[in-house]
Amino acid sequence: MLFAFQLIFSGLAIGAIYALIGNGLNVTWRALKVNNFGHGSFLMIAAMVALDLHNRKFPLWLALVIAAFITVLLGLILERVAIRPQMKQRKGHGWLVSTLGAGVLLQAIATAYWGASALAFPPVIFGQRDYLMLGGLRISLQLLLVLVGSIAVMVGLELLIEKTRWGRAMKATAFDSELSQLVGINAQFFVSLSFAISALLAAFAGFLIAPITGIDPGFGLHMLLKGFAATVIGGIGSSKGALIGGLLVGVLEQLVQGYVSNAAGNSIGFIMMTIILLTRPNGMFGKEALVKV
Amino acid sequence: MTSKGSKRKGAVMAFLVGALLLITSACSTQSAAPAPGSTPAQTPKEPVRVGMTSAITGAYSEYGEAMEKAISMAVEDWNARGGTAGGRKIELIALDDQLNAAKAVTNGQRLINEDKVHALFLPAGSSPAMAVLPLAVKAGIPTINLVATAPAVVYPKGTGTDPYPNVFNFARQNDIEAASLGKYVGAKWKKIGLISESTEYGQSSSANIKKYLKSNYNLDVVAHEQYDQKSPDLTPQIGRLQKSGAEVILTVALGADLSTIRKTLDRMGWDVQMVGTSGIFSVSYLELVGELAVGAQADILGGFLDPNNLGASQKAFALKWKKKYGNDRFYGKAEWPVADFSRQAETYDAANILFAAMERAGSTDSAKVNAEMDKTTKYSGALGLEFTLTPKVHHAITEDSLVIAQFVKEGSAIVVRPIK
């Protein structure tokens, strides 16, 4: 029984990271029907820049702030360089290739600059041996921070979008950018904003997971695939869907690995994604997309 | 018009041929003329050209950079003594492949076909080494492998069968590492749990270890868990190993994954002995787990394990390195080098064995040098270990060259020390 709890707890923590990544993908999807497939590299670059600054004697909090700021800038550059020219055509999925390309480029730059091997990331708030004893269960505070931190960020984002004027303007832009411009909303600004928020979420995810796993240039891509599966399962564009999808993938992955096999566990997310796509193409919580004619 | 044109053409041709002859004769005159003030000398002896391709820059530069430094030191030593193969100077041609197999092949072709090297050092990494190998085997020149662990680099049909006549291995073969680890854990524990990455390296090394335990101790591992590289947590695998009742866990893992294994063990509160392949002593593992590294055991090439008890040959080599390259990343910051410095001493020894074989052969003729390499008996150099090669045995590192060591805490530092 203890083993099952251990699996569920670690699954929830890892699933929360998938959910956070899934939410990062969702933000730009909501605004522009575009996914940033370079999102994984954004997560990596945020952690790498923070580590580099910290190694140059910057206090950790300042290193994290500057790294997050740089990642947001990269998000804005990505939107300007890799997305906006594609959007002029209004057709096709050029953004898919251009964002993926941007991700590969960032990975190559990181490899050239920091090398390919994994680097240790300093502990954020909790050290690797900080535990909370709950019955016979040893709860890692680092993992707990990942779980609580990810959910808090997601809830905050949801409140921002649902309860503020900016959030409503963002939703309006996503629904119909031309109409929103007629009522005085600067649609381009909100598109850029969505990329900035998405990049910020990537940076958060990077800072939360890097102290646990260490960080290397190929790290983000691996997490991105799982995060993508989580959003598709939960329903692309839905925050609640990304959260439930992420946690579900995380927990099931651990349980299947623990009780069946490693190979089965690692493919469970993608098997679920395929089943969902076949039976409920809009995901568990996704709404059918309205198409204007 | 036609005749005029052809006349002009003929004149131009004659001019060009004349000019060409003039240039050629000028060149040959220049090279044949003795330098001012010198006596007419005999043609200088053709240098011995030694080629290497490895990752000198890029993410894996630690391999190529160290290789070039150690071989250069041997080259300088021999040249200072008048060279090898009958007084010929040695020239090292080092090319960079960044651990890229395609680049390594291009470099290998250039070294063998254009530079016409008399001997070759294979690149680091099994895949680049295996890619260059066919070129080296075809050329027949003495070829040395320093890093790649696949036994097939030297023994196409497996260890114990005939080696390529011109390929000599100074790397630790993964079957030999498996035997060294198997011997240690098999003698000490009965319930052995194995965890390995789900790659070719993980599978072949685990298979070797299992085979060794079965045939030498009649032991089956109590559980064998596999994981995919870069998994952020290994609770499922470690949990199953724990349930199997394992008294020790044997790891076939590298860098970041190894640290995930160690951290998961701690998160689950399972205090079990961890023994693993040499990846445990990599710099990145220690950086990633910090204090948790203490107690982990693995095999390592002996020679520089105890800085307080270095032999004369190790000390001499260390001092020579430090004088030439300073406290570089291979030597470390302390007075005496880090444990892993044994790799550099081994490369230096391998180059010396090659140049000594050329000297004994009195030429760079491949067949003669290969035959002399096969006569290497109990060669002891900078590393202080004895190397023997025969026509049937082309691997210098044997089980006896490897020792089991562990991370211990000395003051505030975590260092590698032999198990007492």
# chains A, B, ... in the order shown; residues from 1 in each chain; ligands from 1

$ interface_residues --of "chain B" --to "chain A" --cutoff "9 Å" --atoms "only C-alpha atoms" --output "count of residues only"
33

$ residues_around --residues "B:Lys183" --least-positions-apart "4" --cutoff "9 Å" --atoms "only C-alpha atoms" --output "number ranges by chain"
B: 178-179, 187-188, 212-213, 216-217

$ closest_residue --among "A:Phe195, A:Trp166, A:Trp29, A:Phe204" --to "A:Ile45" --atoms "only C-alpha atoms"
A:Phe204

$ residues_around --residues "A:Leu106" --least-positions-apart "3" --cutoff "8 Å" --atoms "only C-alpha atoms" --output "PyMOL selection string"
chain A and resi 41-42+45+102-103+109-110

$ write_last_selection --atoms "N, CA, C and O atoms" --output "PDB file, in the first residue's frame"
ATOM      1  N   SER A  41      12.161  23.834 -25.136  1.00  0.00           N
ATOM      2  CA  SER A  41      13.474  24.483 -25.124  1.00  0.00           C
ATOM      3  C   SER A  41      13.438  25.776 -24.319  1.00  0.00           C
ATOM      4  O   SER A  41      14.444  26.186 -23.749  1.00  0.00           O
ATOM      5  N   PHE A  42      12.265  26.426 -24.260  1.00  0.00           N
ATOM      6  CA  PHE A  42      12.122  27.636 -23.437  1.00  0.00           C
ATOM      7  C   PHE A  42      12.313  27.280 -21.964  1.00  0.00           C
ATOM      8  O   PHE A  42      12.974  27.974 -21.214  1.00  0.00           O
ATOM      9  N   ILE A  45      16.009  26.657 -21.508  1.00  0.00           N
ATOM     10  CA  ILE A  45      16.855  27.854 -21.598  1.00  0.00           C
ATOM     11  C   ILE A  45      16.678  28.720 -20.349  1.00  0.00           C
ATOM     12  O   ILE A  45      17.627  29.309 -19.854  1.00  0.00           O
ATOM     13  N   ALA A 102      12.626  26.758 -33.967  1.00  0.00           N
ATOM     14  CA  ALA A 102      13.165  27.671 -32.954  1.00  0.00           C
ATOM     15  C   ALA A 102      13.638  26.874 -31.733  1.00  0.00           C
ATOM     16  O   ALA A 102      14.688  27.168 -31.148  1.00  0.00           O
ATOM     17  N   GLY A 103      12.861  25.848 -31.375  1.00  0.00           N
ATOM     18  CA  GLY A 103      13.231  25.005 -30.239  1.00  0.00           C
ATOM     19  C   GLY A 103      14.546  24.280 -30.488  1.00  0.00           C
ATOM     20  O   GLY A 103      15.430  24.240 -29.614  1.00  0.00           O
ATOM     21  N   ILE A 109      22.112  25.976 -29.525  1.00  0.00           N
ATOM     22  CA  ILE A 109      22.889  27.069 -28.921  1.00  0.00           C
ATOM     23  C   ILE A 109      23.296  26.680 -27.503  1.00  0.00           C
ATOM     24  O   ILE A 109      24.438  26.853 -27.095  1.00  0.00           O
ATOM     25  N   ALA A 110      22.338  26.104 -26.763  1.00  0.00           N
ATOM     26  CA  ALA A 110      22.630  25.702 -25.382  1.00  0.00           C
ATOM     27  C   ALA A 110      23.736  24.649 -25.351  1.00  0.00           C
ATOM     28  O   ALA A 110      24.624  24.681 -24.489  1.00  0.00           O
TER      29      ALA A 110
END

$ residues_around --residues "stretch 379-386 of chain B" --least-positions-apart "2" --cutoff "10 Å" --atoms "only C-alpha atoms" --output "JSON, numbers by chain"
{"B": [301, 302, 303, 304, 310, 311, 312, 313, 314, 315, 316, 317, 318, 341, 342, 343, 344, 345, 346, 347, 348, 349, 350, 352, 353, 376, 377, 388, 389, 396, 397, 398, 400, 401, 402]}

$ residues_around --residues "stretch 280-282 of chain A" --least-positions-apart "4" --cutoff "7 Å" --atoms "only C-alpha atoms" --output "VMD selection string"
chain A and resid 235 to 236 276 286 to 288

$ atom_distance --atom1 "atom CA of B:Val137" --atom2 "atom CA of B:Phe355"
19.4 Å

$ closest_atom_pairs --of "stretch 149-241 of chain A" --to "stretch 73-91 of chain A" --cutoff "12 Å" --atoms "only C-alpha atoms" --output "Markdown table"
| residue | atom | partner | partner_atom | distance |
| --- | --- | --- | --- | --- |
| A:Gln188 | CA | A:Arg84 | CA | 9.5 |
| A:Phe189 | CA | A:Leu76 | CA | 10.5 |
| A:Phe190 | CA | A:Leu76 | CA | 11.3 |
| A:Val191 | CA | A:Glu79 | CA | 8.3 |
| A:Ser192 | CA | A:Leu76 | CA | 6.1 |
| A:Leu193 | CA | A:Leu76 | CA | 8.0 |
| A:Ser194 | CA | A:Leu76 | CA | 9.1 |
| A:Phe195 | CA | A:Gly75 | CA | 5.4 |
| A:Ala196 | CA | A:Gly75 | CA | 5.4 |
| A:Ile197 | CA | A:Gly75 | CA | 8.4 |
| A:Ser198 | CA | A:Gly75 | CA | 7.5 |
| A:Ala199 | CA | A:Gly75 | CA | 5.4 |
| A:Leu200 | CA | A:Gly75 | CA | 8.4 |
| A:Leu201 | CA | A:Gly75 | CA | 10.7 |
| A:Ala202 | CA | A:Gly75 | CA | 9.9 |
| A:Ala203 | CA | A:Gly75 | CA | 10.7 |

$ write_last_selection --atoms "N, CA and C atoms" --output "compact mmCIF listing (two decimals), in the first residue's frame"
# COMPACT_ATOMS: atom_id res chain seq x y z
N GLN A 188 -3.14 42.72 -31.60
CA GLN A 188 -1.74 42.31 -31.70
C GLN A 188 -1.07 42.30 -30.33
N PHE A 189 -1.42 43.29 -29.51
CA PHE A 189 -0.84 43.37 -28.16
C PHE A 189 -1.19 42.10 -27.36
N PHE A 190 -2.45 41.67 -27.48
CA PHE A 190 -2.85 40.51 -26.67
C PHE A 190 -2.27 39.19 -27.20
N VAL A 191 -2.03 39.17 -28.51
CA VAL A 191 -1.34 37.99 -29.05
C VAL A 191 0.07 37.93 -28.47
N SER A 192 0.78 39.09 -28.52
CA SER A 192 2.14 39.14 -27.97
C SER A 192 2.12 38.77 -26.49
N LEU A 193 1.10 39.31 -25.79
CA LEU A 193 1.00 39.03 -24.35
C LEU A 193 0.87 37.53 -24.09
N SER A 194 0.10 36.86 -24.92
CA SER A 194 -0.09 35.43 -24.70
C SER A 194 1.25 34.67 -24.85
N PHE A 195 2.08 35.12 -25.79
CA PHE A 195 3.39 34.47 -25.94
C PHE A 195 4.29 34.77 -24.75
N ALA A 196 4.16 35.99 -24.22
CA ALA A 196 4.96 36.34 -23.05
C ALA A 196 4.55 35.48 -21.86
N ILE A 197 3.23 35.30 -21.66
CA ILE A 197 2.75 34.49 -20.53
C ILE A 197 3.17 33.03 -20.72
N SER A 198 3.06 32.54 -21.94
CA SER A 198 3.45 31.16 -22.22
C SER A 198 4.92 30.94 -21.87
N ALA A 199 5.78 31.91 -22.26
CA ALA A 199 7.21 31.79 -21.97
C ALA A 199 7.46 31.83 -20.46
N LEU A 200 6.67 32.67 -19.77
CA LEU A 200 6.82 32.77 -18.32
C LEU A 200 6.45 31.43 -17.65
N LEU A 201 5.41 30.79 -18.16
CA LEU A 201 5.01 29.48 -17.60
C LEU A 201 6.12 28.45 -17.85
N ALA A 202 6.76 28.53 -19.02
CA ALA A 202 7.87 27.62 -19.30
C ALA A 202 8.99 27.84 -18.30
N ALA A 203 9.29 29.11 -18.03
CA ALA A 203 10.36 29.42 -17.08
C ALA A 203 10.03 28.86 -15.69

$ select_by_dssp --residues "stretch 92-143 of chain B" --states "alpha helix (DSSP H)" --output "list in words"
Ala101, Ala102, Lys103, Ala104, Val105, Thr106, Asn107, Gly108, Gln109, Ser126, Ser127, Pro128, Ala129, Met130, Ala131, Val132, Leu133, Pro134, Leu135, Ala136, Val137, Lys138 and Ala139 of chain B

$ write_last_selection --atoms "N, CA and C atoms" --output "PDB file, in the first residue's frame"
ATOM      1  N   ALA B 101      30.093  10.643 -35.950  1.00  0.00           N
ATOM      2  CA  ALA B 101      30.625   9.493 -36.696  1.00  0.00           C
ATOM      3  C   ALA B 101      30.951   9.864 -38.151  1.00  0.00           C
ATOM      4  N   ALA B 102      30.073  10.666 -38.793  1.00  0.00           N
ATOM      5  CA  ALA B 102      30.305  11.018 -40.202  1.00  0.00           C
ATOM      6  C   ALA B 102      31.584  11.843 -40.345  1.00  0.00           C
ATOM      7  N   LYS B 103      31.757  12.793 -39.420  1.00  0.00           N
ATOM      8  CA  LYS B 103      32.954  13.630 -39.452  1.00  0.00           C
ATOM      9  C   LYS B 103      34.201  12.788 -39.183  1.00  0.00           C
ATOM     10  N   ALA B 104      34.061  11.827 -38.269  1.00  0.00           N
ATOM     11  CA  ALA B 104      35.188  10.960 -37.926  1.00  0.00           C
ATOM     12  C   ALA B 104      35.633  10.160 -39.150  1.00  0.00           C
ATOM     13  N   VAL B 105      34.662   9.701 -39.950  1.00  0.00           N
ATOM     14  CA  VAL B 105      35.002   8.921 -41.148  1.00  0.00           C
ATOM     15  C   VAL B 105      35.754   9.804 -42.155  1.00  0.00           C
ATOM     16  N   THR B 106      35.254  11.036 -42.369  1.00  0.00           N
ATOM     17  CA  THR B 106      35.949  11.952 -43.287  1.00  0.00           C
ATOM     18  C   THR B 106      37.384  12.179 -42.807  1.00  0.00           C
ATOM     19  N   ASN B 107      37.531  12.414 -41.500  1.00  0.00           N
ATOM     20  CA  ASN B 107      38.874  12.615 -40.945  1.00  0.00           C
ATOM     21  C   ASN B 107      39.744  11.380 -41.152  1.00  0.00           C
ATOM     22  N   GLY B 108      39.151  10.202 -40.888  1.00  0.00           N
ATOM     23  CA  GLY B 108      39.891   8.948 -41.042  1.00  0.00           C
ATOM     24  C   GLY B 108      40.371   8.779 -42.481  1.00  0.00           C
ATOM     25  N   GLN B 109      39.484   9.095 -43.430  1.00  0.00           N
ATOM     26  CA  GLN B 109      39.866   8.980 -44.845  1.00  0.00           C
ATOM     27  C   GLN B 109      41.007   9.930 -45.173  1.00  0.00           C
ATOM     28  N   SER B 126      31.835   4.762 -29.027  1.00  0.00           N
ATOM     29  CA  SER B 126      31.760   3.516 -29.793  1.00  0.00           C
ATOM     30  C   SER B 126      31.286   3.738 -31.216  1.00  0.00           C
ATOM     31  N   SER B 127      30.328   4.664 -31.413  1.00  0.00           N
ATOM     32  CA  SER B 127      29.805   4.790 -32.770  1.00  0.00           C
ATOM     33  C   SER B 127      30.817   5.427 -33.734  1.00  0.00           C
ATOM     34  N   PRO B 128      31.507   6.554 -33.374  1.00  0.00           N
ATOM     35  CA  PRO B 128      32.558   7.039 -34.277  1.00  0.00           C
ATOM     36  C   PRO B 128      33.688   6.012 -34.452  1.00  0.00           C
ATOM     37  N   ALA B 129      34.059   5.321 -33.370  1.00  0.00           N
ATOM     38  CA  ALA B 129      35.164   4.356 -33.460  1.00  0.00           C
ATOM     39  C   ALA B 129      34.800   3.222 -34.420  1.00  0.00           C
ATOM     40  N   MET B 130      33.562   2.704 -34.299  1.00  0.00           N
ATOM     41  CA  MET B 130      33.140   1.617 -35.181  1.00  0.00           C
ATOM     42  C   MET B 130      33.043   2.096 -36.632  1.00  0.00           C
ATOM     43  N   ALA B 131      32.754   3.393 -36.811  1.00  0.00           N
ATOM     44  CA  ALA B 131      32.632   3.930 -38.170  1.00  0.00           C
ATOM     45  C   ALA B 131      33.997   4.051 -38.850  1.00  0.00           C
ATOM     46  N   VAL B 132      35.022   4.398 -38.081  1.00  0.00           N
ATOM     47  CA  VAL B 132      36.363   4.579 -38.657  1.00  0.00           C
ATOM     48  C   VAL B 132      37.076   3.224 -38.791  1.00  0.00           C
ATOM     49  N   LEU B 133      36.680   2.288 -37.932  1.00  0.00           N
ATOM     50  CA  LEU B 133      37.369   0.991 -37.856  1.00  0.00           C
ATOM     51  C   LEU B 133      37.600   0.302 -39.218  1.00  0.00           C
ATOM     52  N   PRO B 134      36.565   0.185 -40.087  1.00  0.00           N
ATOM     53  CA  PRO B 134      36.794  -0.511 -41.359  1.00  0.00           C
ATOM     54  C   PRO B 134      37.918   0.113 -42.194  1.00  0.00           C
ATOM     55  N   LEU B 135      38.047   1.445 -42.145  1.00  0.00           N
ATOM     56  CA  LEU B 135      39.123   2.117 -42.892  1.00  0.00           C
ATOM     57  C   LEU B 135      40.480   1.690 -42.352  1.00  0.00           C
ATOM     58  N   ALA B 136      40.573   1.660 -41.015  1.00  0.00           N
ATOM     59  CA  ALA B 136      41.836   1.315 -40.373  1.00  0.00           C
ATOM     60  C   ALA B 136      42.199  -0.149 -40.634  1.00  0.00           C
ATOM     61  N   VAL B 137      41.181  -1.013 -40.557  1.00  0.00           N
ATOM     62  CA  VAL B 137      41.435  -2.450 -40.765  1.00  0.00           C
ATOM     63  C   VAL B 137      41.904  -2.680 -42.201  1.00  0.00           C
ATOM     64  N   LYS B 138      41.269  -1.980 -43.132  1.00  0.00           N
ATOM     65  CA  LYS B 138      41.635  -2.142 -44.554  1.00  0.00           C
ATOM     66  C   LYS B 138      43.058  -1.641 -44.798  1.00  0.00           C
ATOM     67  N   ALA B 139      43.395  -0.494 -44.163  1.00  0.00           N
ATOM     68  CA  ALA B 139      44.731   0.069 -44.373  1.00  0.00           C
ATOM     69  C   ALA B 139      45.801  -0.794 -43.705  1.00  0.00           C
TER      70      ALA B 139
END

$ atom_distance --atom1 "atom CA of B:Asn370" --atom2 "atom CA of B:Ile144"
10.9 Å

$ atom_distance --atom1 "atom CA of B:Asn145" --atom2 "atom CA of B:Asp96"
16.0 Å

$ residues_around --residues "B:Val275" --least-positions-apart "3" --cutoff "9 Å" --atoms "only C-alpha atoms" --output "ChimeraX atom specification"
/B:181,185,248-251,280,296-299,406

$ write_last_selection --atoms "N, CA, C and O atoms" --output "mmCIF file, in the first residue's frame"
data_model
loop_
_atom_site.group_PDB
_atom_site.id
_atom_site.type_symbol
_atom_site.label_atom_id
_atom_site.label_comp_id
_atom_site.auth_asym_id
_atom_site.auth_seq_id
_atom_site.Cartn_x
_atom_site.Cartn_y
_atom_site.Cartn_z
ATOM 1 N N LEU B 181 32.949 -6.009 -12.016
ATOM 2 C CA LEU B 181 31.844 -5.705 -11.105
ATOM 3 C C LEU B 181 31.179 -6.987 -10.606
ATOM 4 O O LEU B 181 30.846 -7.112 -9.424
ATOM 5 N N VAL B 185 30.506 -8.021 -6.649
ATOM 6 C CA VAL B 185 29.188 -8.177 -6.008
ATOM 7 C C VAL B 185 28.852 -9.657 -5.785
ATOM 8 O O VAL B 185 28.241 -10.003 -4.766
ATOM 9 N N VAL B 248 21.753 -5.314 -2.554
ATOM 10 C CA VAL B 248 22.663 -4.367 -3.198
ATOM 11 C C VAL B 248 22.038 -4.014 -4.545
ATOM 12 O O VAL B 248 21.358 -4.856 -5.138
ATOM 13 N N ILE B 249 22.232 -2.776 -4.995
ATOM 14 C CA ILE B 249 21.761 -2.529 -6.364
ATOM 15 C C ILE B 249 22.924 -2.133 -7.263
ATOM 16 O O ILE B 249 23.780 -1.334 -6.919
ATOM 17 N N LEU B 250 22.934 -2.813 -8.392
ATOM 18 C CA LEU B 250 23.988 -2.657 -9.369
ATOM 19 C C LEU B 250 23.437 -1.748 -10.467
ATOM 20 O O LEU B 250 22.392 -2.038 -11.044
ATOM 21 N N THR B 251 24.129 -0.629 -10.753
ATOM 22 C CA THR B 251 23.603 0.316 -11.731
ATOM 23 C C THR B 251 24.414 0.298 -13.028
ATOM 24 O O THR B 251 25.637 0.258 -12.985
ATOM 25 N N ILE B 280 29.681 6.297 -12.386
ATOM 26 C CA ILE B 280 29.509 6.836 -11.032
ATOM 27 C C ILE B 280 30.592 7.868 -10.709
ATOM 28 O O ILE B 280 30.330 8.858 -10.050
ATOM 29 N N ALA B 296 28.874 5.450 -2.631
ATOM 30 C CA ALA B 296 28.655 4.739 -3.899
ATOM 31 C C ALA B 296 29.964 4.113 -4.367
ATOM 32 O O ALA B 296 31.030 4.710 -4.242
ATOM 33 N N GLN B 297 29.862 2.897 -4.895
ATOM 34 C CA GLN B 297 31.062 2.171 -5.306
ATOM 35 C C GLN B 297 31.017 1.870 -6.798
ATOM 36 O O GLN B 297 29.951 1.651 -7.357
ATOM 37 N N ALA B 298 32.181 1.841 -7.426
ATOM 38 C CA ALA B 298 32.257 1.513 -8.856
ATOM 39 C C ALA B 298 33.677 1.094 -9.189
ATOM 40 O O ALA B 298 34.569 1.178 -8.341
ATOM 41 N N ASP B 299 33.855 0.627 -10.435
ATOM 42 C CA ASP B 299 35.204 0.232 -10.826
ATOM 43 C C ASP B 299 35.929 1.419 -11.434
ATOM 44 O O ASP B 299 35.311 2.306 -12.019
ATOM 45 N N GLN B 406 35.371 3.785 -3.938
ATOM 46 C CA GLN B 406 34.124 4.425 -3.516
ATOM 47 C C GLN B 406 34.337 5.897 -3.199
ATOM 48 O O GLN B 406 35.461 6.341 -2.979
#

$ select_by_dssp --residues "stretch 97-136 of chain A" --states "strand (DSSP E)" --output "number ranges by chain"
A: 131-134

$ write_last_selection --atoms "N, CA and C atoms" --output "short mmCIF file (atom, residue, chain, number, x, y, z; two decimals), in the first residue's frame"
data_model
loop_
_atom_site.label_atom_id
_atom_site.label_comp_id
_atom_site.auth_asym_id
_atom_site.auth_seq_id
_atom_site.Cartn_x
_atom_site.Cartn_y
_atom_site.Cartn_z
N TYR A 131 12.42 16.58 3.88
CA TYR A 131 11.27 15.67 3.80
C TYR A 131 10.22 16.02 4.84
N LEU A 132 9.00 15.55 4.55
CA LEU A 132 7.91 15.66 5.50
C LEU A 132 7.45 14.22 5.74
N MET A 133 7.40 13.79 6.99
CA MET A 133 6.98 12.41 7.24
C MET A 133 5.47 12.37 7.45
N LEU A 134 4.81 11.52 6.68
CA LEU A 134 3.35 11.43 6.78
C LEU A 134 3.02 9.95 6.90
#

$ residues_around --residues "A:Leu25" --least-positions-apart "6" --cutoff "9 Å" --atoms "only C-alpha atoms" --output "ChimeraX atom specification"
/A:34-37,39,198,227-228,231,236-237
